[in-house]
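Structure data (compact mmCIF, N, CA and C atoms) from start12.txt:
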```txt
# COMPACT_ATOMS: atom_id res chain seq x y z
N LEU A 14 -4.02 13.17 -8.93
CA LEU A 14 -3.56 12.41 -10.07
C LEU A 14 -4.12 13.03 -11.35
N PRO A 15 -3.31 13.19 -12.36
CA PRO A 15 -3.78 13.79 -13.62
C PRO A 15 -4.92 13.00 -14.26
N ILE A 16 -4.85 11.69 -14.24
CA ILE A 16 -5.91 10.90 -14.87
C ILE A 16 -7.23 11.09 -14.12
N TYR A 17 -7.17 11.25 -12.80
CA TYR A 17 -8.38 11.48 -12.02
C TYR A 17 -9.03 12.79 -12.44
N SER A 18 -8.24 13.84 -12.64
CA SER A 18 -8.78 15.13 -13.07
C SER A 18 -9.46 15.01 -14.43
N GLN A 19 -8.84 14.29 -15.33
CA GLN A 19 -9.40 14.11 -16.67
C GLN A 19 -10.71 13.32 -16.61
N VAL A 20 -10.73 12.24 -15.88
CA VAL A 20 -11.93 11.39 -15.79
C VAL A 20 -13.05 12.13 -15.07
N LYS A 21 -12.71 12.94 -14.09
CA LYS A 21 -13.73 13.67 -13.34
C LYS A 21 -14.50 14.61 -14.25
N LYS A 22 -13.86 15.15 -15.29
CA LYS A 22 -14.50 16.07 -16.22
C LYS A 22 -15.44 15.35 -17.18
N GLU A 23 -15.22 14.07 -17.42
CA GLU A 23 -16.04 13.32 -18.36
C GLU A 23 -17.39 12.98 -17.73
N LYS A 24 -18.44 12.97 -18.56
CA LYS A 24 -19.77 12.67 -18.05
C LYS A 24 -19.95 11.19 -17.75
N GLU A 25 -19.42 10.31 -18.57
CA GLU A 25 -19.55 8.86 -18.38
C GLU A 25 -18.33 8.36 -17.61
N GLN A 26 -18.40 8.43 -16.28
CA GLN A 26 -17.27 8.04 -15.44
C GLN A 26 -17.35 6.60 -14.95
N GLY A 27 -18.49 6.01 -15.05
CA GLY A 27 -18.68 4.72 -14.39
C GLY A 27 -19.11 4.99 -12.97
N CYS A 28 -19.24 3.95 -12.20
CA CYS A 28 -19.70 4.11 -10.82
C CYS A 28 -19.04 3.04 -9.96
N TYR A 29 -19.42 3.03 -8.71
CA TYR A 29 -18.88 2.06 -7.76
C TYR A 29 -19.09 0.63 -8.25
N GLU A 30 -20.28 0.37 -8.77
CA GLU A 30 -20.59 -0.98 -9.26
C GLU A 30 -19.68 -1.37 -10.42
N ASP A 31 -19.33 -0.41 -11.28
CA ASP A 31 -18.41 -0.69 -12.38
C ASP A 31 -17.02 -1.08 -11.85
N PHE A 32 -16.60 -0.40 -10.80
CA PHE A 32 -15.32 -0.71 -10.18
C PHE A 32 -15.32 -2.13 -9.63
N ILE A 33 -16.40 -2.51 -8.96
CA ILE A 33 -16.51 -3.86 -8.40
C ILE A 33 -16.53 -4.89 -9.53
N GLU A 34 -17.20 -4.60 -10.63
CA GLU A 34 -17.20 -5.52 -11.78
C GLU A 34 -15.78 -5.74 -12.29
N CYS A 35 -14.96 -4.71 -12.31
CA CYS A 35 -13.57 -4.86 -12.75
C CYS A 35 -12.79 -5.76 -11.79
N LEU A 36 -13.04 -5.59 -10.50
CA LEU A 36 -12.35 -6.44 -9.52
C LEU A 36 -12.76 -7.90 -9.65
N LYS A 37 -13.99 -8.15 -10.09
CA LYS A 37 -14.46 -9.53 -10.27
C LYS A 37 -13.62 -10.28 -11.31
N LEU A 38 -12.95 -9.56 -12.20
CA LEU A 38 -12.08 -10.21 -13.18
C LEU A 38 -10.94 -10.96 -12.51
N TYR A 39 -10.55 -10.52 -11.31
CA TYR A 39 -9.46 -11.15 -10.57
C TYR A 39 -9.96 -12.20 -9.58
N ASP A 40 -11.26 -12.38 -9.49
CA ASP A 40 -11.86 -13.32 -8.55
C ASP A 40 -11.96 -14.69 -9.21
N LYS A 41 -10.86 -15.43 -9.17
CA LYS A 41 -10.78 -16.71 -9.87
C LYS A 41 -11.70 -17.77 -9.28
N GLU A 42 -11.99 -17.69 -8.00
CA GLU A 42 -12.86 -18.68 -7.35
C GLU A 42 -14.31 -18.20 -7.27
N GLU A 43 -14.59 -17.01 -7.77
CA GLU A 43 -15.93 -16.43 -7.77
C GLU A 43 -16.58 -16.48 -6.39
N ASN A 44 -15.82 -16.08 -5.37
CA ASN A 44 -16.32 -16.11 -4.00
C ASN A 44 -16.20 -14.76 -3.29
N GLY A 45 -15.99 -13.70 -4.06
CA GLY A 45 -15.90 -12.36 -3.47
C GLY A 45 -14.53 -12.01 -2.93
N THR A 46 -13.51 -12.79 -3.31
CA THR A 46 -12.15 -12.50 -2.87
C THR A 46 -11.21 -12.45 -4.07
N MET A 47 -10.08 -11.80 -3.88
CA MET A 47 -9.04 -11.77 -4.90
C MET A 47 -7.69 -11.75 -4.20
N MET A 48 -6.65 -12.08 -4.93
CA MET A 48 -5.31 -12.06 -4.36
C MET A 48 -4.87 -10.61 -4.15
N LEU A 49 -4.43 -10.30 -2.95
CA LEU A 49 -3.94 -8.96 -2.65
C LEU A 49 -2.75 -8.63 -3.54
N ALA A 50 -1.90 -9.60 -3.80
CA ALA A 50 -0.71 -9.37 -4.63
C ALA A 50 -1.09 -8.96 -6.05
N GLU A 51 -2.17 -9.52 -6.60
CA GLU A 51 -2.61 -9.15 -7.95
C GLU A 51 -3.09 -7.70 -7.98
N LEU A 52 -3.86 -7.31 -6.97
CA LEU A 52 -4.32 -5.93 -6.91
C LEU A 52 -3.14 -4.98 -6.73
N GLN A 53 -2.22 -5.35 -5.88
CA GLN A 53 -1.04 -4.52 -5.66
C GLN A 53 -0.24 -4.36 -6.94
N HIS A 54 -0.04 -5.45 -7.67
CA HIS A 54 0.69 -5.41 -8.94
C HIS A 54 -0.01 -4.49 -9.94
N ALA A 55 -1.33 -4.61 -10.06
CA ALA A 55 -2.08 -3.79 -11.00
C ALA A 55 -1.95 -2.31 -10.65
N LEU A 56 -2.04 -1.98 -9.38
CA LEU A 56 -1.96 -0.58 -8.97
C LEU A 56 -0.55 -0.01 -9.14
N LEU A 57 0.46 -0.85 -9.02
CA LEU A 57 1.84 -0.39 -9.15
C LEU A 57 2.33 -0.35 -10.59
N ALA A 58 1.75 -1.17 -11.46
CA ALA A 58 2.34 -1.35 -12.79
C ALA A 58 1.48 -0.92 -13.96
N LEU A 59 0.18 -0.90 -13.82
CA LEU A 59 -0.69 -0.67 -14.96
C LEU A 59 -1.26 0.74 -14.98
N GLY A 60 -1.47 1.28 -16.16
CA GLY A 60 -2.07 2.60 -16.30
C GLY A 60 -1.21 3.66 -15.65
N GLU A 61 -1.86 4.59 -14.98
CA GLU A 61 -1.14 5.62 -14.23
C GLU A 61 -0.82 5.02 -12.86
N SER A 62 0.35 4.42 -12.78
CA SER A 62 0.68 3.62 -11.60
C SER A 62 0.83 4.48 -10.36
N LEU A 63 0.55 3.85 -9.22
CA LEU A 63 0.72 4.47 -7.92
C LEU A 63 2.08 4.07 -7.38
N ASP A 64 2.58 4.80 -6.39
CA ASP A 64 3.83 4.36 -5.76
C ASP A 64 3.50 3.49 -4.56
N ASP A 65 4.51 2.86 -3.99
CA ASP A 65 4.31 1.92 -2.88
C ASP A 65 3.56 2.57 -1.71
N GLU A 66 3.91 3.79 -1.37
CA GLU A 66 3.28 4.47 -0.24
C GLU A 66 1.79 4.70 -0.49
N GLN A 67 1.42 5.11 -1.71
CA GLN A 67 0.01 5.31 -2.04
C GLN A 67 -0.77 4.01 -1.96
N VAL A 68 -0.18 2.92 -2.44
CA VAL A 68 -0.85 1.62 -2.40
C VAL A 68 -1.04 1.17 -0.95
N GLU A 69 -0.02 1.33 -0.13
CA GLU A 69 -0.13 0.93 1.28
C GLU A 69 -1.21 1.75 1.99
N THR A 70 -1.30 3.05 1.69
CA THR A 70 -2.33 3.89 2.28
C THR A 70 -3.71 3.44 1.84
N LEU A 71 -3.86 3.14 0.56
CA LEU A 71 -5.13 2.65 0.03
C LEU A 71 -5.55 1.36 0.72
N PHE A 72 -4.62 0.43 0.85
CA PHE A 72 -4.94 -0.85 1.49
C PHE A 72 -5.31 -0.65 2.96
N ALA A 73 -4.58 0.22 3.66
CA ALA A 73 -4.86 0.45 5.08
C ALA A 73 -6.23 1.09 5.28
N ASP A 74 -6.62 1.99 4.37
CA ASP A 74 -7.87 2.71 4.51
C ASP A 74 -9.08 1.95 3.99
N CYS A 75 -8.90 1.09 2.99
CA CYS A 75 -10.05 0.54 2.28
C CYS A 75 -10.14 -0.98 2.24
N MET A 76 -9.16 -1.68 2.68
CA MET A 76 -9.17 -3.14 2.54
C MET A 76 -8.97 -3.83 3.87
N ASP A 77 -9.58 -4.99 3.99
CA ASP A 77 -9.30 -5.86 5.13
C ASP A 77 -7.92 -6.49 4.92
N PRO A 78 -7.29 -6.93 6.01
CA PRO A 78 -6.01 -7.62 5.85
C PRO A 78 -6.19 -8.91 5.05
N GLU A 79 -5.13 -9.32 4.35
CA GLU A 79 -5.21 -10.56 3.58
C GLU A 79 -5.27 -11.76 4.52
N ASP A 80 -5.90 -12.84 4.05
CA ASP A 80 -5.98 -14.05 4.87
C ASP A 80 -4.70 -14.86 4.71
N ASP A 81 -4.68 -16.06 5.29
CA ASP A 81 -3.48 -16.90 5.26
C ASP A 81 -3.07 -17.31 3.86
N GLU A 82 -4.01 -17.30 2.92
CA GLU A 82 -3.71 -17.69 1.55
C GLU A 82 -3.45 -16.49 0.64
N GLY A 83 -3.48 -15.27 1.20
CA GLY A 83 -3.18 -14.08 0.42
C GLY A 83 -4.39 -13.44 -0.24
N PHE A 84 -5.59 -13.83 0.14
CA PHE A 84 -6.81 -13.28 -0.46
C PHE A 84 -7.40 -12.17 0.41
N ILE A 85 -8.10 -11.24 -0.25
CA ILE A 85 -8.85 -10.19 0.44
C ILE A 85 -10.27 -10.16 -0.11
N PRO A 86 -11.25 -9.83 0.74
CA PRO A 86 -12.60 -9.61 0.20
C PRO A 86 -12.61 -8.25 -0.49
N TYR A 87 -13.16 -8.18 -1.69
CA TYR A 87 -13.09 -6.92 -2.41
C TYR A 87 -14.39 -6.15 -2.47
N SER A 88 -15.52 -6.77 -2.18
CA SER A 88 -16.76 -6.02 -2.36
C SER A 88 -17.49 -5.67 -1.07
N GLN A 89 -17.53 -6.56 -0.12
CA GLN A 89 -18.35 -6.31 1.05
C GLN A 89 -17.80 -5.20 1.93
N HIS A 90 -16.49 -4.95 1.91
CA HIS A 90 -15.92 -3.91 2.76
C HIS A 90 -15.38 -2.73 1.98
N SER A 91 -15.35 -2.80 0.66
CA SER A 91 -14.89 -1.67 -0.14
C SER A 91 -16.01 -0.65 -0.17
N SER A 92 -15.69 0.56 0.20
CA SER A 92 -16.73 1.58 0.21
C SER A 92 -16.61 2.49 -0.99
N PRO A 93 -17.71 3.05 -1.44
CA PRO A 93 -17.65 3.97 -2.57
C PRO A 93 -16.74 5.17 -2.31
N GLU A 94 -16.59 5.59 -1.05
CA GLU A 94 -15.73 6.72 -0.75
C GLU A 94 -14.27 6.42 -1.12
N CYS A 95 -13.86 5.19 -0.90
CA CYS A 95 -12.48 4.82 -1.24
C CYS A 95 -12.28 4.80 -2.75
N VAL A 96 -13.30 4.51 -3.49
CA VAL A 96 -13.20 4.44 -4.94
C VAL A 96 -13.22 5.82 -5.56
N THR A 97 -14.00 6.75 -5.02
CA THR A 97 -14.18 8.04 -5.68
C THR A 97 -13.22 9.11 -5.22
N ASP A 98 -12.61 8.97 -4.05
CA ASP A 98 -11.68 9.99 -3.59
C ASP A 98 -10.33 9.82 -4.25
N PRO A 99 -9.69 10.94 -4.68
CA PRO A 99 -8.35 10.82 -5.26
C PRO A 99 -7.35 10.45 -4.19
N ILE A 100 -6.34 9.75 -4.57
CA ILE A 100 -5.26 9.38 -3.65
C ILE A 100 -4.21 10.47 -3.75
N SER A 101 -3.88 11.06 -2.63
CA SER A 101 -2.89 12.15 -2.67
C SER A 101 -1.61 11.76 -1.99
```
Let me see the structure of the file written as structure tokens.
Amino acid sequence: LPIYSQVKKEKEQGCYEDFIECLKLYDKEENGTMMLAELQHALLALGESLDDEQVETLFADCMDPEDDEGFIPYSQHSSPECVTDPIS
């Protein structure tokens, strides 16, 4: 991804903890979960958007399945490797 190449060159990239802090913005119940649909929408529509196949690969590799109410845990199972590796 072009934006990944640009950010990788910058010294102040943020870290895994910064990524988790951003996800906390979607945690309306403050219990370590967020709606899978909200994350999917953000990845498909905002910034340098991903396509459906990239999002599905990301979810399969880095996320637990959503529960009956559509929530996923975002911090306890998200690994730094999933955050720092580019999606190809």
So which residues of segment 28-95 of chain A fall under strand (DSSP E) by DSSP, listed as a ChimeraX atom specification?
-> /A:46-48,84-86
Pull the helix (DSSP H, G or I) assignments for segment 33-101 of chain A out of DSSP run on the backbone, and list those residues as a PyMOL selection string.
-> chain A and resi 33-37+49-58+65-75+93-97
Near Cys35 of chain A, within 12 Å and counting only C-alpha atoms, which residues show up once chain neighbours fewer than 3 positions away are dropped, as a ChimeraX atom specification?
-> /A:27-32,38-40,47,52,55,87-88
For Leu49 of chain A, the nearest of the candidates A:Glu61, A:Asp80, A:Asp74, A:Glu66, counting all atoms listed in the file =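 The closest residue to Leu49 of chain A is A:Asp80.
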Kindly give the distance, in Å, that separates atom C of Glu42 of chain A and atom CA of Asp64 of chain A, rounded to a single decimal.
-> 29.0 Å
How many Å separate atom CA of Gln19 of chain A from atom CA of Phe72 of chain A?
->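 Distance reported for this atom pair: 23.9 Å.
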What gap, in Å, lies between atom CA of Leu71 of chain A and atom CA of Glu51 of chain A?
-> 14.5 Å
What lies within 10 Å of Glu79 of chain A using only C-alpha atoms, ignoring chain neighbours under 4 positions off, as a list of chain:residue names?
->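 Counting only the stated atoms, we get A:Thr46, A:Met47, A:Met48, A:Leu49, A:Ala50, A:Phe72, A:Gly83, A:Phe84, A:Ile85, A:Pro86.
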Around all of segment 52-71 of chain A's listed atoms, make the axis-aligned box with 6 Å on each side and tell me centre and edge lengths in Å to one decimal, as AutoDock Vina command-line options.
```
--center_x -0.5 --center_y -0.8 --center_z -7.0 --size_x 22.1 --size_y 24.9 --size_z 30.6
```
